[in-house]
Structure formats: structure tokens, C-alpha cells
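As stored in coords_7.txt (compact mmCIF, C-alpha atoms):
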```
# COMPACT_ATOMS: atom_id res chain seq x y z
CA GLN A 243 -5.28 -22.13 19.01
CA THR A 244 -3.09 -19.67 20.94
CA ALA A 245 -5.18 -16.74 19.69
CA LEU A 246 -8.37 -18.48 20.72
CA GLU A 247 -6.88 -18.84 24.21
CA HIS A 248 -6.24 -15.05 24.33
CA PHE A 249 -2.51 -15.22 23.71
CA LEU A 250 -0.72 -13.16 21.05
CA SER A 251 -0.29 -15.33 17.95
CA VAL A 252 2.04 -14.29 15.10
CA TYR A 253 1.63 -16.12 11.79
CA ASN A 254 4.15 -15.78 8.93
CA ASP A 255 3.27 -17.37 5.57
CA PHE A 256 2.13 -16.76 2.00
CA LEU A 257 -1.43 -15.42 2.00
CA SER A 258 -2.66 -18.16 -0.32
CA PHE A 259 -1.46 -20.82 2.12
CA PHE A 260 -2.87 -18.89 5.05
CA LEU A 261 -6.35 -18.92 3.54
CA GLN A 262 -6.14 -22.54 2.44
CA LYS A 263 -5.19 -23.62 5.97
CA HIS A 264 -8.55 -22.37 7.24
CA CYS A 265 -6.98 -19.69 9.43
CA VAL A 266 -9.76 -17.25 8.52
CA SER A 267 -12.27 -19.46 10.33
CA SER A 268 -10.05 -19.18 13.39
CA LEU A 269 -10.01 -15.38 13.04
CA LEU A 270 -13.79 -15.27 13.03
CA GLN A 271 -13.79 -17.01 16.41
CA CYS A 272 -10.92 -14.96 17.83
CA ASP A 273 -11.41 -12.01 20.16
CA GLY A 274 -7.74 -12.04 21.17
CA HIS A 275 -4.64 -11.06 19.18
CA MET A 276 -3.49 -12.64 15.94
CA ILE A 277 -0.89 -10.92 13.76
CA TYR A 278 -0.54 -12.25 10.22
CA HIS A 279 2.62 -11.27 8.33
CA PRO A 280 2.58 -12.37 4.67
CA ILE A 281 5.76 -13.27 2.80
CA GLY A 282 5.90 -10.78 -0.08
CA HIS A 283 2.96 -9.29 -1.99
CA ALA A 284 2.08 -8.29 -5.56
CA VAL A 285 5.21 -6.69 -7.09
CA SER A 286 8.00 -8.08 -4.93
CA GLN A 287 10.92 -6.21 -3.38
CA GLU A 288 13.45 -8.34 -5.24
CA PRO A 289 13.71 -10.24 -8.53
CA ILE A 290 11.52 -13.36 -8.59
CA ASP A 291 12.44 -16.70 -10.12
CA LEU A 292 10.26 -16.55 -13.23
CA THR A 293 10.16 -20.33 -13.66
CA HIS A 294 9.00 -20.78 -10.08
CA GLU A 295 6.26 -18.19 -10.56
CA HIS A 296 4.99 -19.95 -13.67
CA LYS A 297 4.68 -23.16 -11.66
CA ARG A 298 2.39 -21.45 -9.15
CA ARG A 299 -1.23 -22.47 -9.58
CA PRO A 300 -3.59 -19.68 -10.76
CA ARG A 301 -5.80 -20.12 -7.69
CA ASP A 302 -2.75 -19.44 -5.48
CA ARG A 303 -1.93 -16.27 -7.39
CA VAL A 304 -5.23 -14.47 -6.95
CA TYR A 305 -5.21 -14.91 -3.19
CA ARG A 306 -2.40 -12.45 -2.49
CA GLY A 307 -4.01 -9.16 -1.54
CA ALA A 308 -5.83 -7.06 1.03
CA HIS A 309 -9.13 -7.70 -0.78
CA ASN A 310 -9.13 -11.22 0.65
CA VAL A 311 -9.09 -10.11 4.27
CA ARG A 312 -11.01 -6.81 4.19
CA THR A 313 -14.24 -8.70 4.80
CA VAL A 314 -12.98 -10.41 7.97
CA PRO A 315 -14.76 -8.73 10.92
CA ASN A 316 -12.60 -6.53 13.16
CA MET A 317 -9.53 -7.17 10.97
CA ALA A 318 -6.98 -4.33 10.81
CA ILE A 319 -4.83 -4.07 7.67
CA PHE A 320 -1.48 -2.25 7.59
CA ASP A 321 0.44 -1.56 4.34
CA ILE A 322 4.04 -0.65 5.11
CA GLY A 323 5.93 2.06 3.19
CA ASP A 324 9.46 2.30 4.59
CA ALA A 325 11.92 1.32 7.32
CA THR A 326 10.41 3.72 9.86
CA GLU A 327 7.03 2.06 9.53
CA ILE A 328 8.57 -1.40 9.78
CA GLU A 329 10.06 -0.38 13.12
CA GLY A 330 6.72 0.79 14.51
CA VAL A 331 4.09 -1.50 13.01
CA LEU A 332 4.34 -4.28 15.57
CA ASP A 333 3.63 -1.82 18.39
CA LEU A 334 0.42 -0.79 16.62
CA ALA A 335 -0.49 -4.41 15.94
CA TYR A 336 0.12 -5.38 19.56
CA ASN A 337 -2.11 -2.57 20.86
CA TYR A 338 -4.95 -3.33 18.44
CA ASN A 339 -7.75 -5.38 19.97
CA GLY A 340 -8.28 -7.90 17.21
CA PRO A 341 -6.56 -9.69 14.31
CA VAL A 342 -4.05 -7.75 12.21
CA TYR A 343 -2.87 -8.33 8.63
CA ILE A 344 0.47 -6.66 7.74
CA ARG A 345 1.58 -6.22 4.12
CA MET A 346 5.30 -6.06 4.85
CA LEU A 347 8.26 -4.88 2.78
CA ARG A 348 11.40 -7.00 2.69
CA LYS A 349 14.95 -7.09 1.34
CA GLU A 350 16.50 -3.56 1.12
CA VAL A 351 13.99 -0.98 2.32
CA PRO A 352 14.51 2.82 2.14
CA ARG A 353 13.81 5.16 5.03
CA LEU A 354 11.48 7.77 3.52
CA PHE A 355 10.18 9.16 6.82
CA PRO A 356 12.11 10.41 9.89
CA ALA A 357 12.79 7.70 12.45
CA ASN A 358 11.21 9.82 15.19
CA GLU A 359 7.90 10.06 13.31
CA PRO A 360 6.41 6.54 13.54
CA MET A 361 3.27 5.49 11.69
CA GLN A 362 -0.05 6.27 13.34
CA PHE A 363 -3.10 4.04 13.42
CA ASN A 364 -5.75 5.06 10.86
CA ARG A 365 -4.02 8.38 10.09
CA ALA A 366 -2.42 9.26 6.76
CA ARG A 367 1.01 10.87 6.64
CA VAL A 368 1.03 14.24 4.80
CA LEU A 369 4.04 14.43 2.47
CA SER A 370 3.12 17.56 0.51
CA GLU A 371 0.29 20.10 0.60
CA GLY A 372 -1.80 21.40 -2.26
CA ASP A 373 -5.34 21.72 -3.59
CA ASP A 374 -5.21 20.81 -7.29
CA ILE A 375 -4.91 17.04 -6.86
CA VAL A 376 -5.22 14.74 -3.86
CA LEU A 377 -2.77 11.87 -4.23
CA LEU A 378 -3.05 8.86 -1.91
CA SER A 379 -0.28 6.28 -2.08
CA SER A 380 0.80 3.20 -0.14
CA SER A 381 3.65 0.71 0.14
CA ILE A 382 6.43 0.87 -2.50
CA CYS A 383 4.34 3.22 -4.63
CA THR A 384 4.84 6.06 -2.14
CA GLU A 385 8.48 6.44 -3.14
CA GLU A 386 7.44 6.66 -6.80
CA ALA A 387 4.71 9.16 -5.89
CA MET A 388 7.24 11.32 -4.05
CA ARG A 389 9.37 11.45 -7.20
CA ALA A 390 6.35 12.47 -9.26
CA THR A 391 5.06 15.14 -6.88
CA ALA A 392 8.48 16.82 -6.72
CA VAL A 393 8.45 17.25 -10.51
CA LEU A 394 4.76 18.18 -10.63
CA LYS A 395 5.41 20.99 -8.17
CA GLU A 396 8.05 22.40 -10.51
CA LYS A 397 5.46 22.29 -13.30
CA GLY A 398 2.95 24.30 -11.27
CA VAL A 399 0.66 21.46 -10.13
CA SER A 400 -0.32 21.66 -6.47
CA VAL A 401 -0.56 18.16 -4.96
CA GLN A 402 -1.81 17.09 -1.55
CA HIS A 403 0.18 13.89 -1.21
CA MET A 404 -0.77 11.58 1.65
CA HIS A 405 0.82 8.24 2.43
CA VAL A 406 -1.69 5.66 3.70
CA SER A 407 -0.49 2.84 5.93
CA THR A 408 -3.82 1.75 7.46
CA LEU A 409 -6.13 0.20 4.86
CA LYS A 410 -8.65 -1.01 7.42
CA PRO A 411 -10.24 0.65 9.28
CA PHE A 412 -10.39 3.44 6.71
CA THR A 413 -12.09 6.31 8.50
CA ASP A 414 -9.35 8.94 8.60
CA PRO A 415 -11.08 12.38 8.67
CA THR A 416 -7.98 14.11 7.25
CA ILE A 417 -8.44 12.20 3.99
CA VAL A 418 -12.07 13.30 3.74
CA GLU A 419 -11.13 16.95 4.34
CA ALA A 420 -8.35 16.81 1.76
CA ILE A 421 -10.66 15.34 -0.89
CA LYS A 422 -13.27 18.04 -0.21
CA LYS A 423 -10.71 20.76 -1.02
CA SER A 424 -9.29 19.22 -4.20
CA LYS A 425 -9.79 21.27 -7.37
CA TYR A 426 -9.61 18.45 -9.89
CA SER A 427 -9.93 15.02 -8.36
CA VAL A 428 -8.32 12.17 -6.43
CA VAL A 429 -5.62 9.74 -7.56
CA THR A 430 -4.64 6.53 -5.76
CA ILE A 431 -1.54 4.50 -6.55
CA GLU A 432 -0.82 1.16 -4.93
CA ASN A 433 1.09 -2.11 -5.25
CA HIS A 434 -2.14 -4.09 -5.29
CA LEU A 435 -4.87 -5.12 -7.68
CA ASP A 436 -6.88 -2.08 -8.78
CA ILE A 437 -9.88 -3.55 -6.97
CA GLY A 438 -10.22 -4.33 -3.28
CA GLY A 439 -7.30 -2.22 -2.02
CA LEU A 440 -6.59 1.46 -1.36
CA GLY A 441 -8.48 2.70 -4.43
CA SER A 442 -11.61 0.79 -3.48
CA ALA A 443 -11.42 2.07 0.10
CA VAL A 444 -11.17 5.66 -1.18
CA ALA A 445 -14.11 5.07 -3.55
CA ASP A 446 -16.19 3.97 -0.56
CA VAL A 447 -15.25 7.13 1.34
CA ILE A 448 -16.12 9.39 -1.60
CA ALA A 449 -19.52 7.73 -2.01
CA GLU A 450 -20.39 7.53 1.68
CA ASN A 451 -19.54 11.19 2.29
CA GLY A 452 -21.15 12.47 -0.93
CA LEU A 453 -17.92 14.16 -2.00
CA GLY A 454 -18.69 14.02 -5.73
CA LYS A 455 -15.06 13.85 -6.87
CA ARG A 456 -13.63 11.88 -9.76
CA LEU A 457 -11.32 9.04 -8.71
CA VAL A 458 -8.46 7.62 -10.76
CA LYS A 459 -7.16 4.30 -9.44
CA ILE A 460 -3.64 3.27 -10.41
CA GLY A 461 -2.99 -0.36 -9.53
CA LEU A 462 -2.30 -3.78 -10.97
CA PRO A 463 -4.75 -5.02 -13.61
CA GLY A 464 -3.91 -8.61 -12.69
CA TYR A 465 -1.28 -10.73 -11.00
CA PRO A 466 2.22 -9.79 -12.35
CA HIS A 467 4.74 -12.27 -13.67
CA GLY A 468 8.22 -12.56 -12.17
CA ALA A 469 10.92 -9.94 -12.76
CA SER A 470 12.71 -7.08 -10.98
CA LYS A 471 10.70 -4.56 -8.99
CA MET A 472 11.27 -1.52 -11.24
CA TYR A 473 10.68 -3.49 -14.43
CA LEU A 474 7.31 -4.66 -13.13
CA MET A 475 6.34 -1.24 -11.79
CA LYS A 476 6.92 0.30 -15.22
CA LYS A 477 5.30 -2.58 -17.10
CA TYR A 478 2.13 -2.51 -14.99
CA GLY A 479 1.94 1.27 -14.71
CA ILE A 480 2.46 1.86 -10.99
CA ASP A 481 5.55 4.05 -11.38
CA ALA A 482 6.17 7.81 -11.31
CA MET A 483 5.83 8.33 -15.08
CA HIS A 484 2.40 6.71 -15.25
CA LEU A 485 1.32 8.81 -12.30
CA VAL A 486 2.39 11.99 -14.09
CA SER A 487 0.41 10.88 -17.17
CA ALA A 488 -2.69 10.39 -15.01
CA VAL A 489 -2.34 13.91 -13.61
CA GLU A 490 -1.96 15.30 -17.14
CA ASP A 491 -5.22 13.60 -18.15
CA LEU A 492 -7.04 14.99 -15.11
CA THR A 493 -5.82 18.56 -15.49
CA GLY A 494 -5.99 18.60 -19.28
CA LYS A 495 -2.45 19.96 -19.39
CA LYS A 496 0.63 18.51 -21.06
CA LEU A 497 3.39 19.13 -18.57
CA GLY A 498 6.35 18.04 -20.66
CA VAL A 499 7.80 15.72 -18.01
CA ALA A 500 10.46 13.28 -19.23
CA GLU A 501 11.83 10.15 -17.59
CA SER A 502 15.11 12.02 -17.09
CA ASP A 503 13.30 14.63 -14.97
CA LEU A 504 12.04 11.90 -12.67
CA GLU A 505 15.40 10.11 -12.53
CA ALA A 506 16.98 13.35 -11.31
CA VAL A 507 14.80 13.40 -8.20
CA ARG A 508 16.47 12.05 -5.10
CA PHE A 509 15.20 11.83 -1.52
CA VAL A 510 16.66 12.56 1.85
CA ASP A 511 17.29 9.19 3.46
CA PHE A 512 16.54 9.75 7.14
CA LEU A 513 19.24 7.44 8.49
CA GLU A 514 19.83 9.69 11.48
CA VAL A 515 17.58 12.11 13.36
```
Could you write out this file's structure as C-alpha cells?
Amino acid sequence: QTALEHFLSVYNDFLSFFLQKHCVSSLLQCDGHMIYHPIGHAVSQEPIDLTHEHKRRPRDRVYRGAHNVRTVPNMAIFDIGDATEIEGVLDLAYNYNGPVYIRMLRKEVPRLFPANEPMQFNRARVLSEGDDIVLLSSSICTEEAMRATAVLKEKGVSVQHMHVSTLKPFTDPTIVEAIKKSKYSVVTIENHLDIGGLGSAVADVIAENGLGKRLVKIGLPGYPHGASKMYLMKKYGIDAMHLVSAVEDLTGKKLGVAESDLEAVRFVDFLEV
């Protein structure tokens, strides 16, 4: 009701409950501000109570994802990757003229990006430059992608790695230009179903712009069961090792990367600027 009366409304809940409470019908009538912040998404940031997850009804499980809200008119969708983006996302949401859906990280969150370089609306963050492969990552998968690209560089693979924090709108011209220049193809990796998220948005861009590039989507094949974050990322193939394997398939080259090579990669944690 507050959003309908042109006030800023902030809603914090599980996405399945949000949809079941008919809030989407309110969004369709809303030309003011509504910010929706879901509690957790897909592979969680902390271990999940497995027994509790098994009690969740199947219809509740499938609701958690950006694919459910991409079709809402004028809806903006942000997918947060680190502490720096957490600090800046509410400013972007406040300045956006319409409803906003934020896929937020929680628990302990790394700072992958400098604190003085906040996220930008509808603009990907360039993490490495190259023209063999274009790699687009989001959320917790960006940290895994950074580990992979560091090792791939040592193996002679040139990767244009771009972190995507705006899933809708998805009209960033820098992504189009990067895809045009790629020698092999495009890879997306995301903590989301492999349909309806980042990979699907990139597929739309490739088709609409006639880019004619192969796309490999790395995402969840279905809703994961409960466990620790890294266990689930490895089990469902959204970790650094699976990303390296995808690049090997695309380039036709066996790079000889071992898990130990990836474990040796560490990042600068931008705690101070």
C-alpha cells in the first residue's frame, strides 16, 4: 500500500512467500518505489538445515530465482557479488524509478572490489581483459571465476572476465562489444537455475544483436539440497574447476589444471583503500 501511495516500500522475505502473498499484483499497479530483498537464494551463503529443506514444499522451491520476476514490467534486478556492492546497492535501488528486486548475499561476505569503486547501474565490471573467451559471472560465482581466470591466464588463455550485477535491464553495450571480439565463445556462470537468469539474458543479447557466438551456460540444473556453500558449488558444477573444464571444451585444449592450482589462488581483500 505504501508503494501505491508513492512512498518507498522495502520488503524482506523469501521469494516464494513474496509471490504467494500477491505482491506481484501490487507491483504491476505501482509507479512508485518498492525494493524487494529476498532472504537467501539458490546455493546459500551458509550451511542449511537439511531436514528443514526437505520439509519445504516443491512448489516453494522452484519460486526462488530471478526468472520469476524478469517478466514484471519496469522491474530492475540486482545480483550482488561482494561487500562493496552491498554497500552501494540501496543507493541504486533508491534512485531507480520503479520496483527493484535484489538478490543479496548474507553471512560472511568477501570484498572483491575496491570500496571506492561502487557498482554501476546496468554496467558490467571488467575484472580481466582478453579476446579468447568472454566470461560473464554474477553473485558468489564471481569469486570462483576470478580463481579460474588467474590460472587460465598462466596457461595462455586470454579471458575477458566481466562481473554482472544488473540482470534487468540487460542492455549494457560493453557486454555486446566484448562478445563481438571473442575468438571462441561466451561462458556464463551463475548461482541460479541455468534458465531464466544471467545465461538466458546473454542468450537474448547474442540473438538480438546477431552476434553468432556459441554460448555455454553454467548454472544449477535444479533446486539444490541443503549443505555447505562450497560442497554445493562443486556438486552442481558452479565452481572454478567446472569453469576450467568448460573452457577446455571450448578451446579444444587440455590445460592440465589441477584443484591444487586453483586452491593456490588468493585474492586481494580490499579492506582499505
Among the residues A:Lys397, A:His309, A:Lys455, A:His484, the one that comes closest to A:Ser442 [using all atoms listed in the file]:
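Between A:Lys397, A:His309, A:Lys455, A:His484, the residue approaching A:Ser442 most closely is A:His309.
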Residue nearest A:Asn433 - candidates A:Met346, A:Leu369, A:Ala318, A:Met483, atoms counted: all atoms listed in the file:
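Smallest distance to A:Asn433 is found for A:Met346.
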Neighbours of A:Lys395 within 10 Å (only C-alpha atoms; same-chain residues fewer than 5 positions away dropped), as a ChimeraX atom specification?
/A:370,372,390,400-401
Next, write the just-selected residues to a file, as a PDB file, keeping the file's coordinate frame, keeping C-alpha atoms as the atom set.
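File produced: part.pdb:
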```pdb
ATOM      1  CA  SER A 370       3.120  17.560   0.510  1.00  0.00           C
ATOM      2  CA  GLY A 372      -1.800  21.400  -2.260  1.00  0.00           C
ATOM      3  CA  ALA A 390       6.350  12.470  -9.260  1.00  0.00           C
ATOM      4  CA  SER A 400      -0.320  21.660  -6.470  1.00  0.00           C
ATOM      5  CA  VAL A 401      -0.560  18.160  -4.960  1.00  0.00           C
TER       6      VAL A 401
END
```
Please, what distance in Å, to one decimal, runs between atom CA of A:Pro352 and atom CA of A:Ile382?
9.5 Å
Calculate how many Å separate atom CA of A:Phe320 from atom CA of A:Lys410, rounding to one decimal.
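Result for atom CA of A:Phe320 versus atom CA of A:Lys410: 7.3 Å, one decimal.
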Can you work out which one of A:Lys496, A:His405, A:Arg312, A:His434 has the shortest atom-to-atom distance to A:Asp324, counting all atoms listed in the file?
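That would be A:His405, the residue with the smallest distance to A:Asp324.
Interatomic distance, atom CA of A:Asp503 against atom CA of A:Ser379: 20.5 Å.
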